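Before any comments, here is the structure.
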Amino acid sequence: MDGIKKSPWILHYDGTSCNGCDIEVLACLTPLYDVERFGIINTGNPKHADVFLITGSVNEQNIPVVKQLYEQMPEPKVVVAVGICATSGGIFAECYNVAGGVDKVIPVDVYVPGCAARPEAIIDGVVKGLEILGEKKKNVGKRK
Amino acid sequence: MASEILREISASDLLAETLKLKHAGYRMVAISCTYKEVMELTYSFDLNYDLVNLRILTDTKTELPSIGIIYAYSFLYENEIKELFGVNITGISPDYNDSLYKIPVKTPFGIQE
Amino acid sequence: MGNRTIVPFGPQHPVLPEPIHLDLVLEDETVVEAVPRIGYVHRGLEKLVEKRDFQQYTYVAERICGICSFMHGMGYCMSIESIMGAEIPDRAKFLRTIWAEFSRLHSHLMWLGLLADAFGFESLFMQSWKLREEVLDVFEETTGGRVIFSVCDIGGVRKDIKKETLEKILGVLDRMEKELTEIAGVFLNDSTVKLRTRGVGKLSKEAAFELGALGPMARASGIEMDMRTQGYAAYSQLDFKPIIDLEGDSYARTKVRLGEMFQAMDLIRQCIGKMPEGDIKVKITGSPKGEYFTRLEQPRGEVLYYVKANGTKFLDRVRVRTPTFANVPALLETLKNCSLADVPILILTIDPCISCTER
């Protein structure tokens with residue numbers, strides 16, 4: 001069963017992003033880039049989602065939100081950290097209210113570089129994530 | 001170009017001076033705070049693009065009244081300054097009690113303990 | 001009195017690209033009070049002035065927000081230039097104005113799309129964002145970036161736009177104007193769209209003033225306030241008038257923003273027509289000393305930068321008051337007595353930018 005790779009649903013959450021990466025994530029959905037041609041749909045419900053796209057770093061206040069969204073997603077799932085802030089905190093890493101990259105809180109499968117990450121890079125990251133998702137799917141049944 | 005005035009006032013005159021500006025039809029633009037040796041608060045007002053800044057030099061112990069009774073929308077600024085700088089502003093409505101931003105450090109812009 | 005319930009709204013919500021949380025106090029289906037809780041995006045970037053010198057801070061200023069990135073960089077640079085008494089070349093002023101107006105165009109188009117998405121008109125969302133890509137292509141061709149350009153610098157701009165490119169831009173504008181006219185027709189005339197925006201979230205002129213509303217929010221309620229009229233950058237040499245409306249509802253706010261889009265196109269054309277020759281940057285030496293308040297008009301309204309410098313490379317303070325911060329009280333007022341189903345539209349009509357607000 002490889003269906004999940006053919007129609008993955010995406011959940012997007014903005015950590016402390018400056019909006020730059022967020023609008024690029026949204027731009028991916030619109031006619032010029034159109035990720036729907038890969039069967040990808042953006043959903044607002046974590047329980048429907050297979051791929052978790054996070055932009056921006058984490059802080060004290062959004063850590064529980066990120067964790068809670070991640071836990072609500074069904075297995076198998078992949079996490080794609082979009083942009084340098086989600087990877088390491090980027091230019092804001094030294095700010096007092098930035099705890100660092102998303103991997104401080106949940107396991108990240110793919111890191112997408114850029115400030116802001118370009119739509120091509122985001123799509124590439126998601127496609128890469130789908131391969132990992134396919135692998136994970138194979139192992140879901142095997143795990144106790 | 002519009003003019004820009006900066007006037008230093010004492011903390012006890014804040015409400016009276018603000019009320020005068022309100023009656024003259026001024027709009028509150030922002031409340032800013034700078035901390036470098038002294039706590040420096042600047043209340044900015046605008047009328048026809050002319051900016052009037054009232055400046056108060058204070059510390060974190062002195063009580064400073066909220067101007068919320070004159071400009072109701074001052075509450076966000078006052079909550080912010082109270083939380084980030086530790087300025088003792090009283091009577092803010094609604095008062096978030098230092099949890100507007102919910103940051104892990106106490107008064108990051110103010111006195112560091 | 002009906003049943004009182006509190007509905008939590010956000011921080012993660014399908015219509016919100018950004019996290020904000022509201023506790024909506026409902027009486028049956030009607031909102032009686034909305035209590036905001038912010039801080040999800042707060043980074044504390046104003047504090048970074050202690051770690052970055054005043055030249056480097058331009059990059060931080062550009063990342064206050066990825067939508068008005070150029071204008072944030074420009075406002076910060078203008079503050080430093082004012083403190084240092086530096087007069088930038090005329091050509092740089094015109095180039096800044098072109099990028100600033102294109103930023104307004106892309107921001108408003110983005111907003112149009114999100115509004116369409118909020119009332120469930122998905123193809124209109126796609127249309128608006130498709131058109132927006134034209135602006136981003138111009139950005140990419142002239143600066144190399146789509147979102148964050150790093151083209152504004154203290155003393156002027158880093159890149160020039162060639163004559164051929166300027167002529168090409170005129171062609172892009174003609175094409176865009178035709179398409180935008182079609183989209184605008186749907187927003188202004190379609191009966192189902194009007195059902196969702198007409199009379200929704202009315203804000204009177206008095207209320208808008210009492211709540212300190214700014215930008216299109218204030219202008220849609222009849223307050224003629226536009227910092228561009230003060231003639232920063234090249235605006236003193238351009239011919240334009242603030243666009244206002246008297247209705248004060250969501251429809252009026254849409255109308256004002258649509259008007260500003262056509263106005264932005266007109267301003268860019270004027271800039272290209274009047275573009276002076278010459279340098280694009282003056283050399284800046286030494287470090288700033290003094291303080292200055294700069295105000296300019298962003299897509300969402302007036303923004304204020306306060307910079308205090310002490311004569312060293314490191315500034316004492318940079319403070320930014322962004323338009324959404326000032327528009328929150330007006331939003332809370334319009335939410336009162338609206339129905340729960342209208343909440344997403346009302347939140348969108350102030351065009352919220354949370355990362356600006358919380359910095």
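Chain labels run A, B, ... following the order of the structure tokens; each chain numbers its residues from 1, and ligands are numbered from 1 in the order shown.
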
### Task
Hey, list the chain A side of the contact with chain C: 10 Å cut-off, only C-alpha atoms, answer as JSON, numbers by chain.
{"A": [11, 12, 13, 14, 15, 16, 17, 18, 19, 20, 21, 22, 23, 24, 25, 26, 27, 29, 30, 31, 32, 33, 34, 42, 43, 44, 45, 46, 56, 57, 58, 59, 60, 61, 62, 63, 65, 66, 69, 91, 92, 93, 94, 95, 96, 97, 98, 99, 115, 116, 117, 118, 119]}

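With only C-alpha atoms as the basis for measurement, B:Ser99 is the residue among B:Ser99, B:Ser12, B:Thr18, B:Thr58 that approaches chain C most closely.
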
### Query
Any idea which chain B residues end up within 10 Å of chain C if we count only C-alpha atoms, as an MDAnalysis selection string please?
chainID B and resid 1:2 4 25:36 44 48:49 51 53 70:77 80 84 94 96 99:103 108:109

Pull C-alpha atoms from the residues just selected and write them as an mmCIF file, in the first residue's frame.
data_model
loop_
_atom_site.group_PDB
_atom_site.id
_atom_site.type_symbol
_atom_site.label_atom_id
_atom_site.label_comp_id
_atom_site.auth_asym_id
_atom_site.auth_seq_id
_atom_site.Cartn_x
_atom_site.Cartn_y
_atom_site.Cartn_z
ATOM 1 C CA MET B 1 7.290 68.146 6.628
ATOM 2 C CA ALA B 2 5.420 67.907 9.880
ATOM 3 C CA GLU B 4 8.265 66.889 15.937
ATOM 4 C CA GLY B 25 -7.924 66.348 19.372
ATOM 5 C CA TYR B 26 -4.659 64.448 19.433
ATOM 6 C CA ARG B 27 -4.424 60.728 18.657
ATOM 7 C CA MET B 28 -2.079 58.569 20.701
ATOM 8 C CA VAL B 29 0.545 57.062 18.395
ATOM 9 C CA ALA B 30 2.645 54.946 20.728
ATOM 10 C CA ILE B 31 4.223 54.592 24.122
ATOM 11 C CA SER B 32 7.896 53.722 23.950
ATOM 12 C CA CYS B 33 10.371 52.865 26.651
ATOM 13 C CA THR B 34 14.146 52.929 26.722
ATOM 14 C CA TYR B 35 16.311 51.733 29.567
ATOM 15 C CA LYS B 36 19.875 52.931 29.834
ATOM 16 C CA SER B 44 3.796 60.048 21.347
ATOM 17 C CA ASN B 48 -2.480 66.487 11.537
ATOM 18 C CA TYR B 49 0.841 64.653 11.267
ATOM 19 C CA LEU B 51 4.142 64.620 16.524
ATOM 20 C CA ASN B 53 6.344 63.456 22.490
ATOM 21 C CA ILE B 70 -8.066 58.931 28.609
ATOM 22 C CA TYR B 71 -6.933 56.727 25.720
ATOM 23 C CA ALA B 72 -8.605 53.330 26.164
ATOM 24 C CA TYR B 73 -6.329 51.656 23.636
ATOM 25 C CA SER B 74 -3.200 52.341 25.672
ATOM 26 C CA PHE B 75 -3.599 49.006 27.474
ATOM 27 C CA LEU B 76 -1.510 46.960 25.035
ATOM 28 C CA TYR B 77 1.419 49.390 25.232
ATOM 29 C CA GLU B 80 4.042 45.453 27.143
ATOM 30 C CA LEU B 84 9.354 43.801 29.211
ATOM 31 C CA PRO B 94 -7.343 44.894 31.228
ATOM 32 C CA TYR B 96 -2.472 40.854 31.774
ATOM 33 C CA SER B 99 1.658 37.430 30.824
ATOM 34 C CA LEU B 100 0.968 39.283 27.585
ATOM 35 C CA TYR B 101 3.927 37.625 25.871
ATOM 36 C CA LYS B 102 4.506 34.808 28.389
ATOM 37 C CA ILE B 103 8.284 34.966 28.105
ATOM 38 C CA PRO B 108 14.420 41.317 29.464
ATOM 39 C CA PHE B 109 14.761 45.009 28.583
#

### Message
Using DSSP assignments from the backbone, pull out every residue in chain B that falls under helix (DSSP H, G or I) and give it to me as number ranges by chain.
### Response
B: 11-23, 72-85

### Task
Going by DSSP on the backbone, which bits of region 10-115 of chain A are strand (DSSP E)? Write them as a ChimeraX atom specification, please.
/A:10-14,41-43,51-55,78-82,110-112

### Separation of CA of Leu109 (chain C) from CA of Lys274 (chain C) in Å
25.9 Å

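Picture a line from CA of Gly278 (chain C) to CA of Lys163 (chain C); it runs 12.8 Å.
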
#### Entry: Test item: residues at most 9 Å from Ile9 (chain B), only C-alpha atoms, excluding those fewer than 2 positions along its chain, as an MDAnalysis selection string
chainID B and resid 7 11:14 17 54:57

Dump N, CA, C and O atoms for the selected residues as a compact mmCIF listing (two decimals), in the first residue's frame?
# COMPACT_ATOMS: atom_id res chain seq x y z
N ARG B 7 9.02 66.98 24.75
CA ARG B 7 8.90 67.78 25.97
C ARG B 7 9.05 66.87 27.18
O ARG B 7 8.41 65.82 27.25
N ALA B 11 6.37 62.79 36.21
CA ALA B 11 5.40 61.69 36.24
C ALA B 11 4.05 62.15 36.78
O ALA B 11 3.00 61.69 36.34
N SER B 12 4.06 63.10 37.72
CA SER B 12 2.80 63.53 38.33
C SER B 12 1.95 64.36 37.36
O SER B 12 0.75 64.50 37.55
N ASP B 13 2.59 64.91 36.31
CA ASP B 13 1.83 65.71 35.35
C ASP B 13 1.27 64.88 34.20
O ASP B 13 0.57 65.41 33.34
N LEU B 14 1.60 63.59 34.17
CA LEU B 14 1.27 62.76 33.01
C LEU B 14 -0.21 62.83 32.63
O LEU B 14 -0.56 63.14 31.49
N GLU B 17 -1.34 66.38 31.42
CA GLU B 17 -0.81 66.72 30.09
C GLU B 17 -1.50 65.90 29.00
O GLU B 17 -1.82 66.40 27.93
N LEU B 54 5.83 63.29 24.84
CA LEU B 54 6.00 63.63 26.25
C LEU B 54 6.97 62.63 26.86
O LEU B 54 6.80 61.42 26.71
N ARG B 55 7.99 63.14 27.51
CA ARG B 55 8.99 62.22 28.05
C ARG B 55 8.99 62.25 29.58
O ARG B 55 8.95 63.31 30.18
N ILE B 56 9.06 61.07 30.15
CA ILE B 56 9.11 60.96 31.60
C ILE B 56 10.34 60.14 31.97
O ILE B 56 10.56 59.06 31.41
N LEU B 57 11.16 60.67 32.89
CA LEU B 57 12.28 59.88 33.39
C LEU B 57 11.85 59.30 34.73
O LEU B 57 11.40 60.02 35.61

### Residues near Gln55 (chain C), cut-off 9 Å, only C-alpha atoms, skip fewer than 6 positions along chain, as an NGL selection string
:C and (153-154 or 313)

Mind checking which residues fall within 12 Å of Ala34 (chain C), counting only C-alpha atoms, ignoring those fewer than 6 positions away in the same chain, and posting them as a compact mmCIF listing (two decimals) with N, CA, C and O atoms, in the first residue's frame?
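Result written to part-v8.txt:
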# COMPACT_ATOMS: atom_id res chain seq x y z
N THR C 5 -21.06 30.81 26.48
CA THR C 5 -19.98 29.84 26.30
C THR C 5 -18.73 30.59 25.87
O THR C 5 -18.81 31.65 25.27
N ILE C 6 -17.58 29.98 26.17
CA ILE C 6 -16.34 30.58 25.68
C ILE C 6 -15.75 29.64 24.64
O ILE C 6 -15.54 28.46 24.90
N VAL C 7 -15.55 30.18 23.44
CA VAL C 7 -14.96 29.37 22.38
C VAL C 7 -13.52 29.82 22.16
O VAL C 7 -13.27 30.98 21.86
N PRO C 8 -12.57 28.91 22.32
CA PRO C 8 -11.19 29.29 22.03
C PRO C 8 -10.97 29.30 20.53
O PRO C 8 -11.42 28.41 19.82
N PHE C 9 -10.30 30.34 20.03
CA PHE C 9 -10.07 30.49 18.60
C PHE C 9 -8.57 30.61 18.38
O PHE C 9 -7.94 31.54 18.86
N HIS C 21 -4.39 33.97 19.43
CA HIS C 21 -5.44 33.26 20.14
C HIS C 21 -6.47 34.25 20.64
O HIS C 21 -6.11 35.31 21.15
N LEU C 22 -7.75 33.92 20.47
CA LEU C 22 -8.81 34.75 21.01
C LEU C 22 -9.73 33.87 21.83
O LEU C 22 -10.07 32.76 21.42
N ASP C 23 -10.09 34.38 23.00
CA ASP C 23 -11.17 33.72 23.74
C ASP C 23 -12.44 34.46 23.37
O ASP C 23 -12.60 35.65 23.68
N LEU C 24 -13.33 33.77 22.67
CA LEU C 24 -14.57 34.41 22.24
C LEU C 24 -15.67 34.06 23.24
O LEU C 24 -16.01 32.89 23.41
N VAL C 25 -16.20 35.08 23.89
CA VAL C 25 -17.31 34.86 24.81
C VAL C 25 -18.59 34.97 24.01
O VAL C 25 -18.88 36.01 23.43
N LEU C 26 -19.34 33.87 23.95
CA LEU C 26 -20.53 33.85 23.10
C LEU C 26 -21.79 33.81 23.92
O LEU C 26 -21.84 33.22 25.01
N GLU C 27 -22.82 34.47 23.38
CA GLU C 27 -24.16 34.27 23.91
C GLU C 27 -24.93 33.65 22.77
O GLU C 27 -25.21 34.32 21.77
N VAL C 328 -5.43 46.32 16.86
CA VAL C 328 -6.07 45.26 17.66
C VAL C 328 -7.29 45.78 18.44
O VAL C 328 -8.36 45.15 18.40
N PRO C 329 -7.21 46.95 19.13
CA PRO C 329 -8.41 47.42 19.84
C PRO C 329 -9.61 47.61 18.92
O PRO C 329 -10.74 47.29 19.29
N ALA C 330 -9.37 48.10 17.69
CA ALA C 330 -10.48 48.28 16.74
C ALA C 330 -11.06 46.93 16.34
O ALA C 330 -12.27 46.77 16.20
N LEU C 331 -10.19 45.92 16.19
CA LEU C 331 -10.67 44.58 15.86
C LEU C 331 -11.58 44.06 16.97
O LEU C 331 -12.67 43.54 16.71
N LEU C 332 -11.13 44.23 18.23
CA LEU C 332 -11.92 43.72 19.34
C LEU C 332 -13.30 44.37 19.37
O LEU C 332 -14.30 43.75 19.70
N GLU C 333 -13.34 45.65 18.99
CA GLU C 333 -14.61 46.37 18.98
C GLU C 333 -15.53 45.82 17.88
O GLU C 333 -16.72 45.58 18.12
N THR C 334 -14.97 45.59 16.67
CA THR C 334 -15.84 45.10 15.60
C THR C 334 -16.32 43.68 15.87
O THR C 334 -17.35 43.27 15.36
N LEU C 335 -15.56 42.93 16.69
CA LEU C 335 -15.97 41.54 16.97
C LEU C 335 -17.20 41.50 17.86
O LEU C 335 -17.96 40.54 17.85
N LYS C 336 -17.40 42.56 18.65
CA LYS C 336 -18.55 42.57 19.55
C LYS C 336 -19.84 42.55 18.75
O LYS C 336 -20.00 43.31 17.80
N ASN C 337 -20.75 41.68 19.16
CA ASN C 337 -22.07 41.56 18.53
C ASN C 337 -22.05 40.99 17.11
O ASN C 337 -23.02 41.10 16.39
N CYS C 338 -20.93 40.41 16.70
CA CYS C 338 -20.96 39.74 15.40
C CYS C 338 -21.31 38.28 15.63
O CYS C 338 -21.27 37.80 16.76
N LEU C 340 -20.62 34.21 15.27
CA LEU C 340 -19.40 33.39 15.32
C LEU C 340 -18.86 33.11 13.92
O LEU C 340 -17.66 33.12 13.69
N VAL C 343 -16.44 35.71 12.41
CA VAL C 343 -15.17 36.02 13.08
C VAL C 343 -13.96 35.96 12.14
O VAL C 343 -13.17 36.90 12.10
N LEU C 346 -13.78 39.04 9.97
CA LEU C 346 -13.47 40.26 10.71
C LEU C 346 -12.00 40.31 11.09
O LEU C 346 -11.37 41.36 11.04
N ILE C 347 -11.46 39.17 11.48
CA ILE C 347 -10.03 39.15 11.81
C ILE C 347 -9.23 39.52 10.58
O ILE C 347 -8.28 40.28 10.63
